[in-house]
Every structure is written in C-alpha cells, then in structure tokens.
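> Next comes query-v5.csv, CSV, C-alpha atoms:
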chain,number,residue,atom,x,y,z
L,123,THR,CA,64.0,-98.6,-88.1
L,124,CYS,CA,65.7,-100.7,-90.8
L,125,SER,CA,67.6,-100.3,-94.0
L,126,GLY,CA,65.4,-100.5,-97.1
L,127,GLY,CA,66.3,-101.9,-100.4
L,128,ASP,CA,65.0,-103.1,-103.9
L,129,PRO,CA,61.7,-101.1,-103.8
L,130,SER,CA,59.0,-102.1,-106.3
L,131,VAL,CA,55.7,-100.3,-106.9
L,132,GLN,CA,52.5,-101.6,-108.5
L,133,TYR,CA,48.9,-100.3,-108.8
L,134,SER,CA,45.8,-102.3,-108.0
L,135,ARG,CA,43.0,-101.6,-110.4
L,136,ARG,CA,40.5,-103.5,-108.1
L,137,ASP,CA,41.4,-101.8,-104.9
L,138,HIS,CA,42.5,-98.4,-106.3
L,139,VAL,CA,45.7,-98.3,-104.2
L,140,PHE,CA,49.4,-98.4,-104.8
L,141,TYR,CA,51.5,-101.2,-103.3
L,142,LEU,CA,55.2,-100.6,-102.5
L,143,SER,CA,57.5,-103.5,-101.5
L,144,GLN,CA,60.9,-103.2,-99.9
L,145,LEU,CA,63.5,-105.2,-98.0
L,146,CYS,CA,63.9,-104.5,-94.3
L,147,PHE,CA,67.2,-105.6,-92.9
L,148,PHE,CA,70.0,-104.4,-90.6
L,149,ARG,CA,73.7,-104.3,-91.4
L,150,THR,CA,74.8,-105.8,-88.1
L,151,LEU,CA,71.7,-107.8,-87.1
L,152,ALA,CA,70.1,-111.0,-88.6
L,153,PHE,CA,66.6,-109.7,-89.1
L,154,SER,CA,65.3,-109.8,-92.7
L,155,GLU,CA,61.8,-109.1,-94.0
L,156,VAL,CA,59.9,-108.3,-97.2
L,157,GLN,CA,57.4,-105.6,-96.4
L,158,ILE,CA,54.4,-104.2,-98.3
L,159,TYR,CA,53.2,-100.6,-97.9
L,160,VAL,CA,50.0,-99.1,-99.2
L,161,SER,CA,48.9,-95.7,-100.5
L,162,SER,CA,45.2,-94.9,-101.3
L,163,ASP,CA,45.8,-91.3,-102.2
L,164,ASN,CA,48.2,-91.6,-105.2
L,165,GLY,CA,51.3,-91.7,-103.1
L,166,LEU,CA,50.7,-88.7,-100.8
L,167,ARG,CA,50.6,-90.9,-97.7
L,168,TRP,CA,51.8,-94.5,-97.1
L,169,THR,CA,51.4,-97.1,-94.4
L,170,PRO,CA,53.4,-96.3,-91.2
L,171,GLY,CA,56.5,-98.4,-91.1
L,172,ARG,CA,55.5,-100.5,-88.1
L,173,GLN,CA,52.1,-101.4,-89.8
L,174,ALA,CA,53.6,-102.7,-93.0
L,175,ALA,CA,52.3,-106.0,-94.3
L,176,VAL,CA,55.0,-108.8,-94.0
L,177,ALA,CA,55.2,-111.0,-97.1
L,178,ALA,CA,58.2,-112.9,-95.8
L,179,SER,CA,60.3,-112.8,-92.6
L,180,ASN,CA,63.0,-114.7,-90.7
L,181,PHE,CA,61.5,-113.4,-87.4
L,182,ASP,CA,58.9,-115.5,-85.5
L,183,TYR,CA,56.6,-112.9,-84.0
L,184,ALA,CA,54.9,-115.4,-81.7
L,185,LYS,CA,58.1,-116.7,-80.2
L,186,GLY,CA,60.2,-113.5,-80.5
L,187,THR,CA,63.1,-115.4,-82.2
L,188,VAL,CA,65.0,-114.8,-85.4
L,189,ASP,CA,66.2,-117.5,-87.8
L,190,ASP,CA,69.7,-116.3,-88.7
L,191,SER,CA,70.1,-119.1,-91.2
L,192,VAL,CA,67.7,-117.3,-93.6
L,193,PHE,CA,68.1,-114.0,-95.4
L,194,ASN,CA,65.4,-112.7,-97.8
L,195,ASP,CA,66.5,-110.6,-100.7
L,196,LYS,CA,65.6,-109.0,-104.1
L,197,GLU,CA,61.8,-108.8,-104.0
L,198,LEU,CA,59.6,-107.7,-106.8
L,199,ILE,CA,55.8,-107.5,-106.9
L,200,ALA,CA,53.0,-107.9,-109.5
L,201,VAL,CA,49.2,-107.4,-109.3
L,202,ASP,CA,46.5,-109.2,-111.3
L,203,ASN,CA,44.7,-106.3,-112.9
L,204,THR,CA,42.4,-108.1,-115.3
L,205,PRO,CA,38.8,-108.0,-114.2
L,206,GLY,CA,37.9,-111.3,-115.9
L,207,SER,CA,40.8,-113.2,-114.3
L,208,PRO,CA,39.9,-115.8,-111.6
L,209,HIS,CA,42.5,-114.1,-109.4
L,210,TYR,CA,41.6,-110.5,-110.0
L,211,GLY,CA,43.3,-108.2,-107.5
L,212,ARG,CA,45.8,-110.8,-106.2
L,213,LEU,CA,49.1,-109.4,-105.1
L,214,TYR,CA,52.2,-111.5,-105.9
L,215,VAL,CA,55.7,-111.0,-104.3
L,216,THR,CA,58.7,-112.9,-105.5
L,217,TYR,CA,62.0,-113.0,-103.7
L,218,THR,CA,65.2,-115.1,-103.0
L,219,LYS,CA,65.6,-117.0,-99.8
L,220,PHE,CA,69.3,-117.3,-98.9
L,221,HIS,CA,70.1,-120.2,-96.6
L,222,MET,CA,73.2,-119.1,-94.6
L,223,ARG,CA,75.9,-121.4,-93.3
L,224,ALA,CA,77.9,-120.7,-90.2
L,225,ASP,CA,80.8,-119.5,-92.3
L,226,GLY,CA,78.7,-116.7,-93.8
L,227,PHE,CA,78.3,-118.3,-97.2
L,228,SER,CA,75.0,-119.7,-98.6
L,229,ASP,CA,74.3,-123.4,-99.2
L,230,TYR,CA,71.3,-122.7,-101.4
L,231,CYS,CA,69.2,-119.6,-102.4
L,232,PRO,CA,65.9,-120.7,-104.1
L,233,LEU,CA,63.2,-118.4,-105.5
L,234,GLN,CA,60.1,-118.0,-103.4
L,235,LEU,CA,56.5,-116.6,-103.8
L,236,SER,CA,54.2,-114.9,-101.3
L,237,PHE,CA,50.7,-113.9,-102.4
L,238,THR,CA,47.5,-112.6,-101.0
L,239,ASP,CA,44.0,-111.7,-102.3
L,240,ARG,CA,43.5,-108.8,-99.9
L,241,VAL,CA,45.8,-106.5,-98.0
L,242,ASN,CA,44.1,-105.3,-94.8
L,243,ALA,CA,43.3,-101.7,-95.6
L,244,THR,CA,43.0,-100.5,-92.0
L,245,ASN,CA,46.1,-102.3,-90.6
L,246,PRO,CA,48.2,-104.0,-93.3
L,247,GLN,CA,50.3,-105.9,-90.8
L,248,LEU,CA,47.3,-108.1,-90.2
L,249,THR,CA,47.4,-109.3,-93.8
L,250,THR,CA,47.9,-113.0,-94.3
L,251,PHE,CA,50.1,-114.3,-97.1
L,252,ARG,CA,50.3,-117.8,-98.6
L,253,HIS,CA,53.7,-119.1,-99.6
L,254,THR,CA,55.0,-121.3,-102.5
L,255,ALA,CA,58.5,-122.5,-103.3
L,256,ILE,CA,59.2,-121.6,-107.0
L,257,SER,CA,62.5,-123.4,-106.8
L,258,PRO,CA,63.2,-126.3,-104.3
L,259,ASP,CA,65.5,-126.2,-101.4
L,260,ASN,CA,68.8,-127.9,-102.0
L,261,PRO,CA,70.8,-128.7,-98.8
L,262,GLY,CA,74.4,-129.5,-99.6
L,263,GLY,CA,74.2,-127.6,-102.9
L,264,ASN,CA,77.1,-125.3,-102.1
L,265,GLY,CA,75.3,-122.3,-103.6
L,266,THR,CA,75.1,-123.6,-107.2
L,267,GLY,CA,72.6,-125.3,-109.4
L,268,ARG,CA,68.9,-124.8,-110.1
L,269,SER,CA,68.2,-123.7,-106.5
L,270,ALA,CA,70.5,-120.7,-106.8
L,271,ASN,CA,68.4,-117.9,-108.1
L,272,GLN,CA,68.3,-114.1,-108.2
L,273,PHE,CA,66.6,-111.2,-110.0
L,274,SER,CA,63.1,-112.6,-110.3
L,275,TYR,CA,60.6,-110.7,-112.4
L,276,PRO,CA,56.9,-111.5,-112.1
L,277,VAL,CA,54.3,-110.8,-114.8
L,278,VAL,CA,50.6,-111.6,-114.7
L,279,GLU,CA,48.9,-112.5,-118.0
L,280,PRO,CA,45.3,-111.5,-118.7
L,281,ASP,CA,44.0,-115.1,-118.1
L,282,GLY,CA,45.5,-114.9,-114.5
L,283,SER,CA,48.6,-117.0,-115.2
L,284,LEU,CA,51.7,-115.9,-113.3
L,285,ASP,CA,55.0,-115.9,-115.2
L,286,VAL,CA,58.3,-115.4,-113.5
L,287,GLY,CA,61.6,-114.8,-115.2
L,288,PHE,CA,64.9,-115.0,-113.2
L,289,THR,CA,68.5,-115.9,-113.4
L,290,GLN,CA,70.3,-119.0,-112.2
L,291,GLU,CA,72.9,-117.1,-110.1
L,292,GLU,CA,75.4,-118.7,-107.7
L,293,CYS,CA,74.5,-117.8,-104.1
L,294,ASN,CA,78.1,-116.8,-103.3
L,295,SER,CA,79.2,-115.0,-106.4
L,296,SER,CA,77.6,-113.1,-109.3
L,297,ALA,CA,78.0,-115.9,-111.8
L,298,ASP,CA,74.8,-116.3,-113.9
L,299,PRO,CA,75.2,-119.4,-116.0
L,300,HIS,CA,71.6,-119.6,-117.2
L,301,LEU,CA,68.4,-117.6,-117.7
L,302,LEU,CA,65.3,-119.3,-116.4
L,303,PHE,CA,61.5,-119.1,-116.5
L,304,GLN,CA,58.7,-120.5,-114.4
L,305,ARG,CA,54.9,-120.4,-114.7
L,306,SER,CA,51.9,-120.9,-112.5
L,307,SER,CA,48.4,-121.6,-114.0
L,308,ASP,CA,46.6,-121.7,-110.6
L,309,GLY,CA,47.3,-118.4,-109.1
L,310,GLY,CA,50.7,-119.2,-107.6
L,311,ARG,CA,49.8,-122.4,-105.7
L,312,THR,CA,51.9,-124.6,-108.0
L,313,PHE,CA,54.6,-124.2,-110.7
L,314,LEU,CA,56.1,-126.2,-113.4
L,315,PRO,CA,58.0,-129.3,-112.1
L,316,ARG,CA,61.2,-127.8,-113.5
L,317,ALA,CA,62.1,-124.3,-114.7
L,318,VAL,CA,62.5,-123.7,-118.4
L,319,GLN,CA,66.0,-122.7,-119.5
L,320,ILE,CA,65.7,-119.7,-121.9
L,321,ASP,CA,69.3,-119.3,-123.1
L,322,LYS,CA,70.5,-121.5,-125.9
L,323,PRO,CA,74.0,-122.9,-126.5
L,324,GLY,CA,76.3,-120.4,-128.2
L,325,GLN,CA,73.8,-117.5,-127.8
L,326,TYR,CA,74.4,-116.3,-124.3
L,327,ARG,CA,77.3,-115.6,-122.1
L,328,ASP,CA,77.5,-114.1,-118.6
L,329,ASN,CA,79.9,-111.4,-117.6
L,330,PRO,CA,83.1,-113.2,-116.7
L,331,ASP,CA,83.8,-110.9,-113.8
L,332,LEU,CA,82.3,-112.6,-110.7
L,333,GLY,CA,81.6,-109.2,-109.1
L,334,ASP,CA,79.6,-108.1,-112.2
L,335,LEU,CA,82.1,-105.2,-112.8
L,336,LEU,CA,82.4,-103.7,-116.3
L,337,ALA,CA,85.8,-102.2,-116.7
L,338,PRO,CA,87.1,-99.5,-116.6
L,339,THR,CA,84.5,-98.5,-114.0
L,340,ALA,CA,84.1,-100.0,-110.5
L,341,PHE,CA,80.3,-100.1,-109.9
L,342,ARG,CA,78.6,-103.5,-110.3
L,343,ALA,CA,76.3,-104.0,-113.3
L,344,PRO,CA,74.3,-107.2,-112.5
L,345,ASN,CA,72.3,-109.1,-115.0
L,346,THR,CA,68.9,-107.7,-113.9
L,347,ILE,CA,66.5,-109.4,-116.4
L,348,SER,CA,63.1,-107.9,-117.3
L,349,MET,CA,60.1,-109.4,-118.9
L,350,THR,CA,56.7,-108.3,-120.3
L,351,TYR,CA,53.6,-109.8,-122.0
L,352,SER,CA,51.6,-108.4,-124.9
L,353,SER,CA,49.1,-110.0,-127.2
L,354,GLY,CA,50.1,-113.7,-126.8
L,355,LYS,CA,53.9,-113.1,-126.6
L,356,LEU,CA,56.4,-112.9,-123.8
L,357,THR,CA,59.5,-110.7,-124.2
L,358,TYR,CA,62.5,-111.4,-122.0
L,359,ALA,CA,65.4,-108.9,-122.0
L,360,TYR,CA,68.9,-109.3,-120.4
L,361,GLN,CA,72.5,-108.4,-120.5
L,362,ASN,CA,74.5,-110.6,-122.9
L,363,ASN,CA,78.3,-110.9,-123.1
L,364,ILE,CA,78.4,-113.3,-126.1
L,365,HIS,CA,80.0,-110.6,-128.3
L,366,ARG,CA,82.0,-109.0,-125.5
L,367,LYS,CA,85.3,-108.8,-127.3
L,368,VAL,CA,83.7,-107.0,-130.2
L,369,SER,CA,81.0,-104.8,-128.7
L,370,GLY,CA,81.1,-105.2,-124.9
L,371,ALA,CA,78.0,-106.1,-123.0
L,372,ASP,CA,74.9,-106.0,-125.1
L,373,ILE,CA,71.2,-106.0,-124.4
L,374,SER,CA,69.5,-109.1,-126.0
L,375,PHE,CA,66.0,-110.4,-125.9
L,376,GLN,CA,64.1,-113.6,-126.6
L,377,GLN,CA,60.4,-114.2,-127.1
L,378,SER,CA,57.9,-117.0,-126.5
L,379,GLY,CA,54.4,-117.4,-128.0
L,380,ASP,CA,53.5,-120.6,-126.2
L,381,ASN,CA,53.3,-119.6,-122.5
L,382,GLY,CA,57.1,-119.9,-122.0
L,383,ARG,CA,57.5,-123.5,-123.0
L,384,ASN,CA,59.7,-122.6,-126.0
L,385,TRP,CA,61.8,-119.5,-126.8
L,386,SER,CA,63.1,-117.8,-129.9
L,387,ASP,CA,66.8,-117.4,-130.6
L,388,SER,CA,68.6,-114.5,-128.9
L,389,THR,CA,68.3,-111.2,-130.8
L,390,LEU,CA,70.2,-108.0,-130.2
L,391,LEU,CA,68.2,-105.1,-128.9
L,392,SER,CA,71.0,-102.6,-128.3
L,393,THR,CA,72.0,-101.9,-131.9
L,394,SER,CA,73.6,-99.1,-133.9
L,395,GLY,CA,72.2,-99.4,-137.3
L,396,SER,CA,72.2,-103.1,-138.2
L,397,ALA,CA,75.2,-103.9,-135.9
L,398,ALA,CA,75.7,-104.3,-132.2
L,399,ALA,CA,76.1,-100.9,-130.4
L,400,PRO,CA,79.7,-100.3,-129.3
L,401,ASN,CA,80.8,-100.5,-125.6
L,402,ASP,CA,78.7,-101.7,-122.7
L,403,GLN,CA,74.9,-101.7,-122.3
L,404,PHE,CA,73.3,-103.1,-119.1
L,405,MET,CA,70.3,-103.2,-116.8
L,406,PRO,CA,67.3,-103.4,-119.2
L,407,SER,CA,63.7,-102.8,-118.4
L,408,VAL,CA,60.8,-103.7,-120.7
L,409,THR,CA,57.1,-103.1,-120.6
L,410,SER,CA,54.2,-103.2,-123.1
L,411,LEU,CA,50.6,-102.5,-124.0
L,412,PRO,CA,48.1,-104.8,-125.6
L,413,GLY,CA,48.4,-104.9,-129.3
L,414,GLY,CA,52.1,-105.5,-129.4
L,415,ARG,CA,53.5,-102.1,-128.5
L,416,VAL,CA,56.7,-102.9,-126.5
L,417,TYR,CA,59.1,-100.4,-124.8
L,418,ALA,CA,62.6,-100.9,-123.4
L,419,ILE,CA,65.2,-98.7,-121.7
L,420,TRP,CA,68.7,-99.5,-120.5
L,421,TYR,CA,72.0,-97.9,-119.4
L,422,ASP,CA,74.4,-97.3,-122.4
L,423,ARG,CA,78.0,-96.2,-122.8
L,424,ARG,CA,78.2,-96.1,-126.7
L,425,LEU,CA,78.8,-92.4,-126.8
L,426,ASP,CA,82.0,-92.4,-124.8
L,427,LYS,CA,85.0,-93.7,-126.7
L,428,ALA,CA,86.6,-94.7,-123.3
L,429,ASN,CA,83.5,-96.8,-122.5
L,430,HIS,CA,83.1,-95.0,-119.2
L,431,ASP,CA,80.3,-92.3,-119.0
L,432,ILE,CA,76.7,-93.4,-119.0
L,433,ASP,CA,73.5,-92.5,-120.9
L,434,THR,CA,70.1,-94.0,-120.9
L,435,TRP,CA,68.8,-95.4,-124.2
L,436,GLN,CA,65.3,-96.4,-125.3
L,437,ALA,CA,63.8,-98.7,-127.9
L,438,ARG,CA,60.2,-99.1,-129.2
L,439,SER,CA,58.4,-101.8,-131.2
L,440,ALA,CA,55.0,-101.4,-132.7
L,441,ASP,CA,54.8,-105.0,-133.9
L,442,ASN,CA,55.5,-107.1,-130.8
L,443,GLY,CA,59.2,-107.2,-131.1
L,444,ARG,CA,59.6,-108.0,-134.8
L,445,SER,CA,61.3,-104.6,-135.5
L,446,TRP,CA,62.5,-101.8,-133.2
L,447,THR,CA,63.6,-98.2,-133.4
L,448,SER,CA,66.0,-96.9,-130.8
L,449,SER,CA,67.4,-93.5,-129.6
L,450,ARG,CA,69.1,-91.7,-126.8
L,451,LEU,CA,66.8,-90.9,-123.9
L,452,SER,CA,69.0,-88.9,-121.6
L,453,THR,CA,70.3,-85.5,-122.6
L,454,THR,CA,73.6,-85.6,-120.8
L,455,SER,CA,76.2,-88.3,-120.1
L,456,TRP,CA,77.3,-88.8,-116.5
L,457,ASN,CA,80.5,-90.0,-114.8
L,458,PRO,CA,79.9,-92.9,-112.4
L,459,ASP,CA,83.2,-92.2,-110.6
L,460,THR,CA,82.3,-88.8,-109.4
L,461,ALA,CA,78.8,-90.0,-108.5
L,462,PHE,CA,80.2,-92.9,-106.4
L,463,PHE,CA,83.7,-92.1,-105.3
L,464,THR,CA,85.3,-94.5,-107.8
L,465,SER,CA,84.2,-97.3,-105.5
L,466,GLY,CA,82.5,-100.6,-106.4
L,467,ALA,CA,79.1,-99.3,-105.3
L,468,PHE,CA,75.5,-99.6,-106.3
L,469,ILE,CA,74.5,-97.0,-108.9
L,470,GLY,CA,70.7,-97.4,-108.2
L,471,ASP,CA,70.9,-100.8,-110.1
L,472,TYR,CA,67.3,-101.0,-111.1
L,473,LEU,CA,65.8,-98.6,-113.7
L,474,GLN,CA,62.2,-99.1,-114.9
L,475,VAL,CA,59.8,-98.1,-117.6
L,476,ALA,CA,56.0,-97.9,-117.3
L,477,VAL,CA,53.5,-97.1,-120.0
L,478,SER,CA,49.9,-95.9,-120.4
L,479,SER,CA,47.7,-95.5,-123.5
L,480,THR,CA,49.1,-92.0,-124.0
L,481,HIS,CA,52.5,-91.7,-122.2
L,482,VAL,CA,55.7,-93.6,-121.6
L,483,TYR,CA,57.3,-93.1,-118.2
L,484,PRO,CA,61.0,-94.1,-118.0
L,485,VAL,CA,62.8,-93.8,-114.6
L,486,TRP,CA,66.5,-94.1,-114.0
L,487,THR,CA,69.3,-92.9,-111.7
L,488,ASP,CA,71.6,-90.2,-113.1
L,489,GLY,CA,74.7,-88.5,-111.7
L,490,ARG,CA,75.0,-85.5,-114.0
L,491,ASN,CA,74.3,-83.1,-111.1
L,492,SER,CA,76.8,-84.7,-108.6
L,493,ALA,CA,78.7,-82.1,-106.6
L,494,PHE,CA,81.7,-84.3,-106.2
L,495,ALA,CA,84.2,-81.7,-107.7
L,496,ARG,CA,83.1,-79.2,-105.1
L,497,THR,CA,82.4,-81.3,-102.1
L,498,GLY,CA,84.2,-84.7,-102.7
L,499,ILE,CA,80.8,-86.4,-102.1
L,500,GLY,CA,79.1,-88.0,-105.0
L,501,GLU,CA,75.4,-88.5,-105.6
L,502,THR,CA,72.8,-89.6,-108.2
L,503,ASP,CA,69.3,-88.3,-108.6
L,504,ILE,CA,66.1,-89.9,-110.0
L,505,PHE,CA,65.4,-88.8,-113.5
L,506,SER,CA,62.5,-89.2,-115.9
L,507,SER,CA,61.4,-87.9,-119.3
Can you turn what I pasted into structure tokens?

Amino acid sequence: TCSGGDPSVQYSRRDHVFYLSQLCFFRTLAFSEVQIYVSSDNGLRWTPGRQAAVAASNFDYAKGTVDDSVFNDKELIAVDNTPGSPHYGRLYVTYTKFHMRADGFSDYCPLQLSFTDRVNATNPQLTTFRHTAISPDNPGGNGTGRSANQFSYPVVEPDGSLDVGFTQEECNSSADPHLLFQRSSDGGRTFLPRAVQIDKPGQYRDNPDLGDLLAPTAFRAPNTISMTYSSGKLTYAYQNNIHRKVSGADISFQQSGDNGRNWSDSTLLSTSGSAAAPNDQFMPSVTSLPGGRVYAIWYDRRLDKANHDIDTWQARSADNGRSWTSSRLSTTSWNPDTAFFTSGAFIGDYLQVAVSSTHVYPVWTDGRNSAFARTGIGETDIFSS
C-alpha cells in the first residue's frame, strides 16, 4: 500500500463512470505514481488498488526498476463531456514532474499531461496513456523559471480544446512569481510554444513567506489557482497579496474572452461592500454553468479580528463575472491550531465547488468538531452545504 494525496474526481458522461485520481508514494521509498480509479455505481465500489490505471510513474514495470530522479506530484483530472467534441470522453491528467538532484533538491519541475480515450473497464491497469510535456525540461535550471510549475488546473471547453491554468512556482520553495496559462487545440497532443503570463505588472504579488504561511497561524496556504469556462469566457481565480498591508491576502480573478491569449486586469473577488474584505482569504475554487452563471468558494478569516479562525465564503455571478454577490457559507468558525496541533501542517488544502442545473455543491475541510481540548489530538472533517 502507498500514501495517497491530492485526490481529484470527475464524471464521464460518455462512459457513465466516475474517475478518481490520486498520488501514490512512500515516505521512505522513491516510488511515485499518478493512479486512476473507476466507479460505475455512483461511488459505492471502486477499482481495487492494485488494478488502478497508471497515468504516470517513475517505476519501470518491465525492468522492475525505479527512477529516483523523478517525483510526480499534484495531479488533477478533467473529462471531455461534450458529445459534439472531436475528443468526446477523453480523460486528461495534469501533474508536475520533479527532477531530483542527489542533494534532495529539484533542478526543474515542469508541468506534464497524460491522456487516454478509454479506460479499460475490466482491468484499468491495462489502460494505455499518451504523454505530452506542457512545459519543457530545463536541465541546469536550479528549480526556477518557466519550467518550474505547480497547481495545474485543467478545463475542457465545449469545442474540445484543453485549457490549463497553473503557477510558475520555484521547485525548492513556495515562491510563485507568475500565474500562467496553456492551451491545446488538438486534444492534448501539442500546446502553445510558450505559456501565456496572466498576471500584469503592479496587479499581482505572491505571499512573501516562502513556506506559504499566513501569520499568526502555522499551516501552509499555497496559491492553489482555479479556473472555469462559461459562454466564451475563462475565469481564473487565485490568492493575491498585492494589498497585503491593507487587507491581507485577497482572492482576485481575471478573465479572457479570446481563448486565453489576452486577460483582463485583476479584479477583487473577496470583497466587503465595495472594498477588499479584511484579513486573509485563500484557496479559491470556481465553477460555472453555460449562460454565464459562475460560482466561487474560498477560506476566509474576515470575521475574526485576530485574523486567525477560519470560515468558508461563497460568491455568485449571473452575468459571467461582471458583478458578484457574496456571503458566508459556513455556519461556525474553526480554529486551525486545535485542528492541527499549532503545527505547520496541511489543512486539507484543496476545497472544491461543483454545480448542476439545480444545485450548488461546495466541499471544504472544517475543524469545528475537533476533540483537541479533550484528547489533545486535532482533526478536520469534510463539510458541505
């Protein structure tokens, strides 16, 4: 068995199954895989672990050897669910491929894509994936530059085009100097010669803490971007520290109406009235429906004067992002210290929101029920509304 991480779930309209991706790795061994599991009964049963499809691996199954110079990380998946698309049913998996040096640091960590038109329903491990480098390798890059990527977010447009938003993040720290975008018009076989830079001068600033900490708490709050497409427009949301001295970390968004070639100026999403919401907001997730209905959620500390306890906030737009209404989503604030022992730990990291024609489904981690005071052991639970 292996440790799992960064799960992502998508439904295939063509195949009537759910796909779940996860990382498979070991704390003390070099093995590293991106695995795909399948459920055909609405999540009641899933592929047995040893039969998972392998979208990426540093293990050579034919030779029985492992390449310890490669570590695969932070995968997300998307499915082409448009019946008229030339790639209807195709499963896309994006992830970061860390190239490890002997000293334990990475020389470069480019974004990669694996994709397949059919997951073997009887035995998923027999599935064949094709592979494309979204960002090029960069030997000697010392973990910086355009081949240092994290937090990829794939989106499939109705015409079958694949859009990928991600951060330019240094391989050996949490510095995110830029927000980037790539696009494939041929089903993932090729991408633009160079990623489009979304952020504009004077409109974006990364968290200056190289561990992505937001004082006074000790958990990490990485810039996990999110992106969605609706009615000809892409919406790209992210944590922005440009007004940090005034309002802490904010949630901003930018939009593109020309397939990601050009982007609007940065606009605040986490607002209080007409101003930026006080304190820190982080980890946004956005989704949408055709017709310009866009939905967003994020973690928010505006209600705590000490900028410490966490709520979940939501925003909605009925006009494709031109105007928004926002409100508190959670009903109780929670203390991350008692949920995670005051350590610099993960707090779940990735919340998500999904939407149907009748319902909105936000999902987040929440520590309101932690038994820390009684047991000294913290916990968070999965919440929805």
> May I ask which of the residues L:Asp182, L:Glu197, L:Asp426, L:Asp163 is the closest one to L:Val131, counting all atoms listed in the file?
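Closest residue, counting all atoms listed in the file: L:Glu197.
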> Looking at all atoms listed in the file, which of L:Pro458, L:Gly310, L:Pro484, L:Gly333 is the one that sits closest to L:Leu213?
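Looking at the shortest contact to L:Leu213, the residue is L:Gly310.
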> For stretch 313-329 of chain L, please output as a PyMOL selection string all residues within 6 Å (counting only C-alpha atoms; exclusion window: fewer than 4 positions along the same chain).
chain L and resi 298+301-306+362-364
> Between L:Tyr217, L:Tyr230, L:Phe505, L:Phe404, which is the closest to L:His253 once you count all atoms listed in the file?
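Of the candidates, the smallest distance to L:His253 is held by L:Tyr217.
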> Using all atoms listed in the file, which residue out of L:Thr169, L:Thr393, L:Thr266, L:Ser307 lies closest to L:Asn242?
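The shortest atom-to-atom distance to L:Asn242 comes from L:Thr169.
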> Within 12 Å of L:Gly127, counting all atoms listed in the file, which residues show up once you throw out same-chain ones fewer than 4 positions away? Write them as a list of chain:residue names, please.
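My list of contacting residues is L:Leu142, L:Ser143, L:Gln144, L:Leu145, L:Cys146, L:Phe147, L:Phe148, L:Arg149, L:Ser154, L:Glu155, L:Val156, L:Gln157, L:Asn194, L:Asp195, L:Lys196, L:Glu197, L:Leu198, L:Phe468, L:Gly470, L:Asp471, L:Tyr472.
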> Counting all atoms listed in the file, figure out which residue out of L:Leu235, L:Ile347, L:Val241, L:Leu248 gets nearest to L:Phe140.
L:Val241
> Can you tell me, as a PyMOL selection string, what residues are no more than 9 Å from stretch 405-420 of chain L when counting all atoms listed in the file, ignoring any on the same chain fewer than 5 positions away?
chain L and resi 343-355+357-361+373+391-392+433-443+446+451+471-479+482+484-486
> Contacts of stretch 250-252 of chain L at 10 Å or less, counting only C-alpha atoms, minus same-chain residues fewer than 2 places along, as a tab-separated table (two decimals) with C-alpha atoms, keeping the file's coordinate frame?

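What follows is the written file selection35.tsv:
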chain	number	residue	atom	x	y	z
L	175	ALA	CA	52.30	-106.00	-94.30
L	176	VAL	CA	55.00	-108.80	-94.00
L	177	ALA	CA	55.20	-111.00	-97.10
L	178	ALA	CA	58.20	-112.90	-95.80
L	213	LEU	CA	49.10	-109.40	-105.10
L	214	TYR	CA	52.20	-111.50	-105.90
L	215	VAL	CA	55.70	-111.00	-104.30
L	235	LEU	CA	56.50	-116.60	-103.80
L	236	SER	CA	54.20	-114.90	-101.30
L	237	PHE	CA	50.70	-113.90	-102.40
L	238	THR	CA	47.50	-112.60	-101.00
L	239	ASP	CA	44.00	-111.70	-102.30
L	240	ARG	CA	43.50	-108.80	-99.90
L	241	VAL	CA	45.80	-106.50	-98.00
L	242	ASN	CA	44.10	-105.30	-94.80
L	246	PRO	CA	48.20	-104.00	-93.30
L	247	GLN	CA	50.30	-105.90	-90.80
L	248	LEU	CA	47.30	-108.10	-90.20
L	254	THR	CA	55.00	-121.30	-102.50
L	310	GLY	CA	50.70	-119.20	-107.60
L	311	ARG	CA	49.80	-122.40	-105.70
> I'd like the neighbourhood of L:Lys219 as a list in words, where a residue qualifies if any of its atoms comes within 8 Å (using only C-alpha atoms), though same-chain residues fewer than 2 positions away should be ignored.
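Listed by chain and then number, they are Val192, Phe193, Asn194, Asp195, Tyr217, His221, Cys231, Pro232, Leu233 and Gln234 of chain L.
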> So how far away is atom CA of L:Tyr133 from atom CA of L:Gln173, in Å?
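That distance, rounded to one decimal, is 19.3 Å.
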> Measuring between all atoms listed in the file, which one of L:Phe227, L:Ala243, L:Pro276, L:Thr249 shows the shortest distance to L:Asn294?
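Looking only at the distances to L:Asn294, the closest residue turns out to be L:Phe227.
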> Between atom CA of L:Thr487 and atom CA of L:Ala371, what distance in Å does the model show, to one decimal?
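Going from atom CA of L:Thr487 over to atom CA of L:Ala371, I get 19.4 Å.
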